[in-house]
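Text of the file work00.pdb, holding PDB, C-alpha atoms, pLDDT in the B column:
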ATOM      1  CA  MET A   1     102.863 104.691  83.694  1.00 59.00           C
ATOM      2  CA  PRO A   2      99.364 104.059  82.428  1.00 84.00           C
ATOM      3  CA  PHE A   3      97.543 106.780  84.364  1.00 92.00           C
ATOM      4  CA  ASP A   4      94.222 107.941  82.968  1.00 89.00           C
ATOM      5  CA  GLY A   5      90.973 109.638  83.822  1.00 89.00           C
ATOM      6  CA  LYS A   6      88.817 112.543  82.748  1.00 92.00           C
ATOM      7  CA  THR A   7      90.974 115.225  84.324  1.00 94.00           C
ATOM      8  CA  TYR A   8      94.352 113.558  83.732  1.00 94.00           C
ATOM      9  CA  ASP A   9      96.773 115.722  81.750  1.00 95.00           C
ATOM     10  CA  PRO A  10     100.036 113.854  81.045  1.00 94.00           C
ATOM     11  CA  ALA A  11     102.116 117.014  80.722  1.00 95.00           C
ATOM     12  CA  ARG A  12     100.880 118.283  84.073  1.00 95.00           C
ATOM     13  CA  ASP A  13     100.313 115.086  86.050  1.00 96.00           C
ATOM     14  CA  ARG A  14     102.481 112.181  84.839  1.00 95.00           C
ATOM     15  CA  ASP A  15     105.701 112.951  86.740  1.00 96.00           C
ATOM     16  CA  ARG A  16     103.884 113.893  89.958  1.00 97.00           C
ATOM     17  CA  LEU A  17     101.717 110.757  89.958  1.00 97.00           C
ATOM     18  CA  LYS A  18     104.642 108.537  89.015  1.00 97.00           C
ATOM     19  CA  THR A  19     106.670 109.924  91.924  1.00 97.00           C
ATOM     20  CA  GLN A  20     103.763 109.511  94.335  1.00 98.00           C
ATOM     21  CA  LEU A  21     103.181 105.938  93.195  1.00 98.00           C
ATOM     22  CA  PHE A  22     106.853 105.058  93.619  1.00 98.00           C
ATOM     23  CA  ASN A  23     107.090 106.679  97.057  1.00 98.00           C
ATOM     24  CA  VAL A  24     103.907 105.056  98.381  1.00 98.00           C
ATOM     25  CA  TRP A  25     105.018 101.691  96.948  1.00 98.00           C
ATOM     26  CA  SER A  26     108.483 101.994  98.499  1.00 98.00           C
ATOM     27  CA  LEU A  27     106.969 102.621 101.908  1.00 98.00           C
ATOM     28  CA  MET A  28     104.045 100.200 101.831  1.00 98.00           C
ATOM     29  CA  LYS A  29     105.651  97.143 100.211  1.00 97.00           C
ATOM     30  CA  ASP A  30     106.829  96.064 103.684  1.00 98.00           C
ATOM     31  CA  GLY A  31     103.239  95.041 104.508  1.00 98.00           C
ATOM     32  CA  ARG A  32     102.981  97.143 107.674  1.00 98.00           C
ATOM     33  CA  TRP A  33      99.741  98.802 108.727  1.00 98.00           C
ATOM     34  CA  ARG A  34      99.643 102.610 108.427  1.00 98.00           C
ATOM     35  CA  THR A  35      97.017 105.340 108.434  1.00 98.00           C
ATOM     36  CA  LEU A  36      96.676 107.715 105.505  1.00 98.00           C
ATOM     37  CA  GLU A  37      98.187 110.438 107.680  1.00 98.00           C
ATOM     38  CA  GLN A  38     101.227 108.326 108.522  1.00 98.00           C
ATOM     39  CA  ILE A  39     101.779 107.501 104.857  1.00 98.00           C
ATOM     40  CA  SER A  40     101.219 111.122 103.829  1.00 98.00           C
ATOM     41  CA  VAL A  41     103.810 112.421 106.282  1.00 98.00           C
ATOM     42  CA  LYS A  42     106.406 109.849 105.194  1.00 98.00           C
ATOM     43  CA  VAL A  43     105.984 110.315 101.443  1.00 98.00           C
ATOM     44  CA  GLY A  44     105.234 114.042 101.409  1.00 98.00           C
ATOM     45  CA  CYS A  45     101.966 114.108  99.522  1.00 97.00           C
ATOM     46  CA  PRO A  46      98.341 114.805 100.528  1.00 98.00           C
ATOM     47  CA  GLU A  47      96.221 112.091 102.139  1.00 98.00           C
ATOM     48  CA  ALA A  48      93.818 112.189  99.174  1.00 97.00           C
ATOM     49  CA  SER A  49      96.724 111.409  96.847  1.00 97.00           C
ATOM     50  CA  VAL A  50      97.870 108.563  99.097  1.00 98.00           C
ATOM     51  CA  SER A  51      94.360 107.127  99.033  1.00 98.00           C
ATOM     52  CA  ALA A  52      94.289 107.357  95.232  1.00 96.00           C
ATOM     53  CA  ARG A  53      97.666 105.646  94.891  1.00 97.00           C
ATOM     54  CA  LEU A  54      96.530 102.824  97.197  1.00 98.00           C
ATOM     55  CA  ARG A  55      93.481 102.380  94.944  1.00 97.00           C
ATOM     56  CA  ASP A  56      95.815 102.321  91.931  1.00 96.00           C
ATOM     57  CA  PHE A  57      97.672  99.319  93.369  1.00 97.00           C
ATOM     58  CA  ARG A  58      94.439  97.308  93.217  1.00 97.00           C
ATOM     59  CA  LYS A  59      94.076  97.889  89.460  1.00 96.00           C
ATOM     60  CA  ARG A  60      95.234  95.286  86.979  1.00 94.00           C
ATOM     61  CA  LYS A  61      97.538  97.729  85.193  1.00 93.00           C
ATOM     62  CA  PHE A  62      99.342  98.406  88.483  1.00 95.00           C
ATOM     63  CA  GLY A  63      99.691  94.767  89.541  1.00 94.00           C
ATOM     64  CA  GLU A  64      96.359  93.818  91.140  1.00 96.00           C
ATOM     65  CA  HIS A  65      97.865  93.975  94.614  1.00 98.00           C
ATOM     66  CA  THR A  66      95.757  93.596  97.743  1.00 98.00           C
ATOM     67  CA  VAL A  67      95.223  96.698  99.834  1.00 98.00           C
ATOM     68  CA  GLU A  68      93.657  95.811 103.155  1.00 98.00           C
ATOM     69  CA  ARG A  69      91.779  98.324 105.284  1.00 98.00           C
ATOM     70  CA  ALA A  70      91.055  98.000 108.995  1.00 98.00           C
ATOM     71  CA  TYR A  71      88.977 100.219 111.252  1.00 98.00           C
ATOM     72  CA  VAL A  72      90.924 101.883 114.072  1.00 98.00           C
ATOM     73  CA  LYS A  73      88.405 104.241 115.733  1.00 97.00           C
ATOM     74  CA  ARG A  74      86.007 107.128 115.049  1.00 96.00           C
ATOM     75  CA  GLY A  75      86.303 107.083 111.261  1.00 95.00           C
ATOM     76  CA  LEU A  76      90.045 106.353 111.237  1.00 97.00           C
ATOM     77  CA  PHE A  77      91.305 103.446 109.147  1.00 98.00           C
ATOM     78  CA  LYS A  78      94.702 101.889 108.612  1.00 98.00           C
ATOM     79  CA  TYR A  79      95.955 100.247 105.429  1.00 98.00           C
ATOM     80  CA  ARG A  80      98.491  97.701 104.349  1.00 98.00           C
ATOM     81  CA  LEU A  81      99.706  96.518 100.986  1.00 98.00           C
ATOM     82  CA  ILE A  82     100.016  92.827 100.218  1.00 98.00           C
ATOM     83  CA  VAL A  83     102.198  92.504  97.146  1.00 97.00           C
ATOM     84  CA  ASN A  84     100.942  90.253  94.361  1.00 94.00           C
ATOM     85  CA  GLU A  85     103.887  87.881  93.922  1.00 90.00           C
ATOM     86  CA  ASP A  86     102.953  87.392  90.256  1.00 87.00           C
ATOM     87  CA  TYR A  87     103.685  91.075  89.626  1.00 74.00           C
TER      88      TYR A  87
END

Go ahead and render the structure in this file as structure tokens.
Amino acid sequence: MPFDGKTYDPARDRDRLKTQLFNVWSLMKDGRWRTLEQISVKVGCPEASVSARLRDFRKRKFGEHTVERAYVKRGLFKYRLIVNEDY
């Protein structure tokens, strides 16, 4: 997996991020709307990590998928993944 960033340490982070990415992908590829909390509970990782993995899916190196965001109420948003069929 082509993870990167200033604080990224492959020995420490690669397996954890790879697992998170796979788990979020496995859940979200159905195109259903979910909040970060709902995703977090299902995949067993923090909401901040879920948010980061959703951002990863938008990147070219992760398939340039569409991640839609919709306002629910009082600062709460829901998300859905639209898979790039060219991926």

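Between CA of Ala52 (chain A) and CA of Lys18 (chain A) there is a distance of 12.1 Å.
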
Picked residues, the PyMOL selection byres ((chain A and resi 35-45) around 7), expected as a tab-separated table (two decimals) with C-alpha atoms, keeping the file's coordinate frame:
chain	number	residue	atom	x	y	z
A	23	ASN	CA	107.09	106.68	97.06
A	24	VAL	CA	103.91	105.06	98.38
A	34	ARG	CA	99.64	102.61	108.43
A	46	PRO	CA	98.34	114.80	100.53
A	47	GLU	CA	96.22	112.09	102.14
A	49	SER	CA	96.72	111.41	96.85
A	50	VAL	CA	97.87	108.56	99.10
A	51	SER	CA	94.36	107.13	99.03
A	77	PHE	CA	91.30	103.45	109.15
A	78	LYS	CA	94.70	101.89	108.61
A	79	TYR	CA	95.96	100.25	105.43

Hits from the PyMOL selection byres ((chain A and resi 1-17) around 9), listed as a VMD selection string: chain A and resid 18 to 22 49 53 56 61 to 62

Shell of 10 Å around Arg32 (chain A), only C-alpha atoms, local chain residues under 2 positions omitted, as a PyMOL selection string: chain A and resi 27-30+34+78-82

Residue by residue, what does the PyMOL selection byres ((chain A and resi 65) around 8) grab here? Present the result as a compact mmCIF listing (two decimals) with C-alpha atoms, in the frame of the given file.
# COMPACT_ATOMS: atom_id res chain seq x y z
CA PHE A 57 97.67 99.32 93.37
CA ARG A 58 94.44 97.31 93.22
CA LYS A 59 94.08 97.89 89.46
CA PHE A 62 99.34 98.41 88.48
CA GLY A 63 99.69 94.77 89.54
CA GLU A 64 96.36 93.82 91.14
CA THR A 66 95.76 93.60 97.74
CA VAL A 67 95.22 96.70 99.83
CA LEU A 81 99.71 96.52 100.99
CA ILE A 82 100.02 92.83 100.22
CA VAL A 83 102.20 92.50 97.15
CA ASN A 84 100.94 90.25 94.36

Taking the partial coordinates given, rebuild region 18-29 of chain A to contain all heavy atoms; return it as a tab-separated table (two decimals), in the coordinates of the input.
chain	number	residue	atom	x	y	z
A	18	LYS	N	103.62	109.58	89.05
A	18	LYS	CA	104.64	108.54	89.02
A	18	LYS	C	105.50	108.57	90.29
A	18	LYS	O	105.77	107.53	90.90
A	18	LYS	CB	105.51	108.74	87.77
A	18	LYS	CG	106.32	107.55	87.37
A	18	LYS	CD	106.80	107.74	85.95
A	18	LYS	CE	108.26	108.10	85.93
A	18	LYS	NZ	108.83	108.17	84.60
A	19	THR	N	105.88	109.76	90.70
A	19	THR	CA	106.67	109.92	91.92
A	19	THR	C	105.87	109.49	93.15
A	19	THR	O	106.38	108.78	94.02
A	19	THR	CB	107.15	111.38	92.07
A	19	THR	OG1	107.98	111.70	90.96
A	19	THR	CG2	107.91	111.59	93.37
A	20	GLN	N	104.62	109.91	93.21
A	20	GLN	CA	103.76	109.51	94.34
A	20	GLN	C	103.63	107.99	94.39
A	20	GLN	O	103.76	107.39	95.46
A	20	GLN	CB	102.37	110.13	94.22
A	20	GLN	CG	102.31	111.60	94.50
A	20	GLN	CD	100.92	112.16	94.31
A	20	GLN	OE1	100.00	111.47	93.86
A	20	GLN	NE2	100.75	113.43	94.63
A	21	LEU	N	103.36	107.38	93.25
A	21	LEU	CA	103.18	105.94	93.20
A	21	LEU	C	104.44	105.22	93.68
A	21	LEU	O	104.37	104.30	94.50
A	21	LEU	CB	102.83	105.50	91.77
A	21	LEU	CG	102.33	104.07	91.63
A	21	LEU	CD1	100.91	103.95	92.16
A	21	LEU	CD2	102.37	103.65	90.18
A	22	PHE	N	105.59	105.66	93.20
A	22	PHE	CA	106.85	105.06	93.62
A	22	PHE	C	107.09	105.22	95.12
A	22	PHE	O	107.48	104.28	95.80
A	22	PHE	CB	108.02	105.67	92.83
A	22	PHE	CG	109.35	105.17	93.29
A	22	PHE	CD1	109.82	103.92	92.90
A	22	PHE	CD2	110.13	105.94	94.14
A	22	PHE	CE1	111.05	103.45	93.35
A	22	PHE	CE2	111.37	105.47	94.59
A	22	PHE	CZ	111.82	104.23	94.19
A	23	ASN	N	106.84	106.42	95.64
A	23	ASN	CA	107.09	106.68	97.06
A	23	ASN	C	106.14	105.90	97.96
A	23	ASN	O	106.57	105.35	98.99
A	23	ASN	CB	107.00	108.18	97.35
A	23	ASN	CG	108.16	108.94	96.74
A	23	ASN	OD1	109.19	108.38	96.38
A	23	ASN	ND2	107.99	110.24	96.60
A	24	VAL	N	104.87	105.83	97.58
A	24	VAL	CA	103.91	105.06	98.38
A	24	VAL	C	104.26	103.57	98.30
A	24	VAL	O	104.26	102.86	99.31
A	24	VAL	CB	102.45	105.33	97.95
A	24	VAL	CG1	101.47	104.40	98.67
A	24	VAL	CG2	102.08	106.79	98.20
A	25	TRP	N	104.61	103.09	97.12
A	25	TRP	CA	105.02	101.69	96.95
A	25	TRP	C	106.23	101.38	97.81
A	25	TRP	O	106.26	100.36	98.52
A	25	TRP	CB	105.34	101.42	95.48
A	25	TRP	CG	105.93	100.07	95.25
A	25	TRP	CD1	107.26	99.76	95.16
A	25	TRP	CD2	105.24	98.83	95.11
A	25	TRP	NE1	107.42	98.42	94.97
A	25	TRP	CE2	106.20	97.82	94.93
A	25	TRP	CE3	103.89	98.50	95.12
A	25	TRP	CZ2	105.85	96.49	94.76
A	25	TRP	CZ3	103.55	97.17	94.95
A	25	TRP	CH2	104.52	96.18	94.77
A	26	SER	N	107.24	102.23	97.75
A	26	SER	CA	108.48	101.99	98.50
A	26	SER	C	108.23	101.88	99.99
A	26	SER	O	108.87	101.08	100.67
A	26	SER	CB	109.49	103.12	98.22
A	26	SER	OG	109.86	103.11	96.88
A	27	LEU	N	107.30	102.67	100.49
A	27	LEU	CA	106.97	102.62	101.91
A	27	LEU	C	106.11	101.41	102.25
A	27	LEU	O	106.38	100.69	103.22
A	27	LEU	CB	106.24	103.90	102.32
A	27	LEU	CG	105.77	103.98	103.77
A	27	LEU	CD1	106.97	104.01	104.73
A	27	LEU	CD2	104.86	105.18	103.97
A	28	MET	N	105.08	101.17	101.46
A	28	MET	CA	104.04	100.20	101.83
A	28	MET	C	104.37	98.76	101.48
A	28	MET	O	103.73	97.83	101.98
A	28	MET	CB	102.71	100.60	101.19
A	28	MET	CG	102.17	101.93	101.69
A	28	MET	SD	101.89	101.96	103.46
A	28	MET	CE	100.52	100.82	103.61
A	29	LYS	N	105.36	98.52	100.64
A	29	LYS	CA	105.65	97.14	100.21
A	29	LYS	C	106.12	96.25	101.36
A	29	LYS	O	106.17	95.04	101.22
A	29	LYS	CB	106.65	97.12	99.07
A	29	LYS	CG	108.03	97.58	99.44
A	29	LYS	CD	108.96	97.59	98.26
A	29	LYS	CE	110.34	98.07	98.68
A	29	LYS	NZ	111.26	98.10	97.56
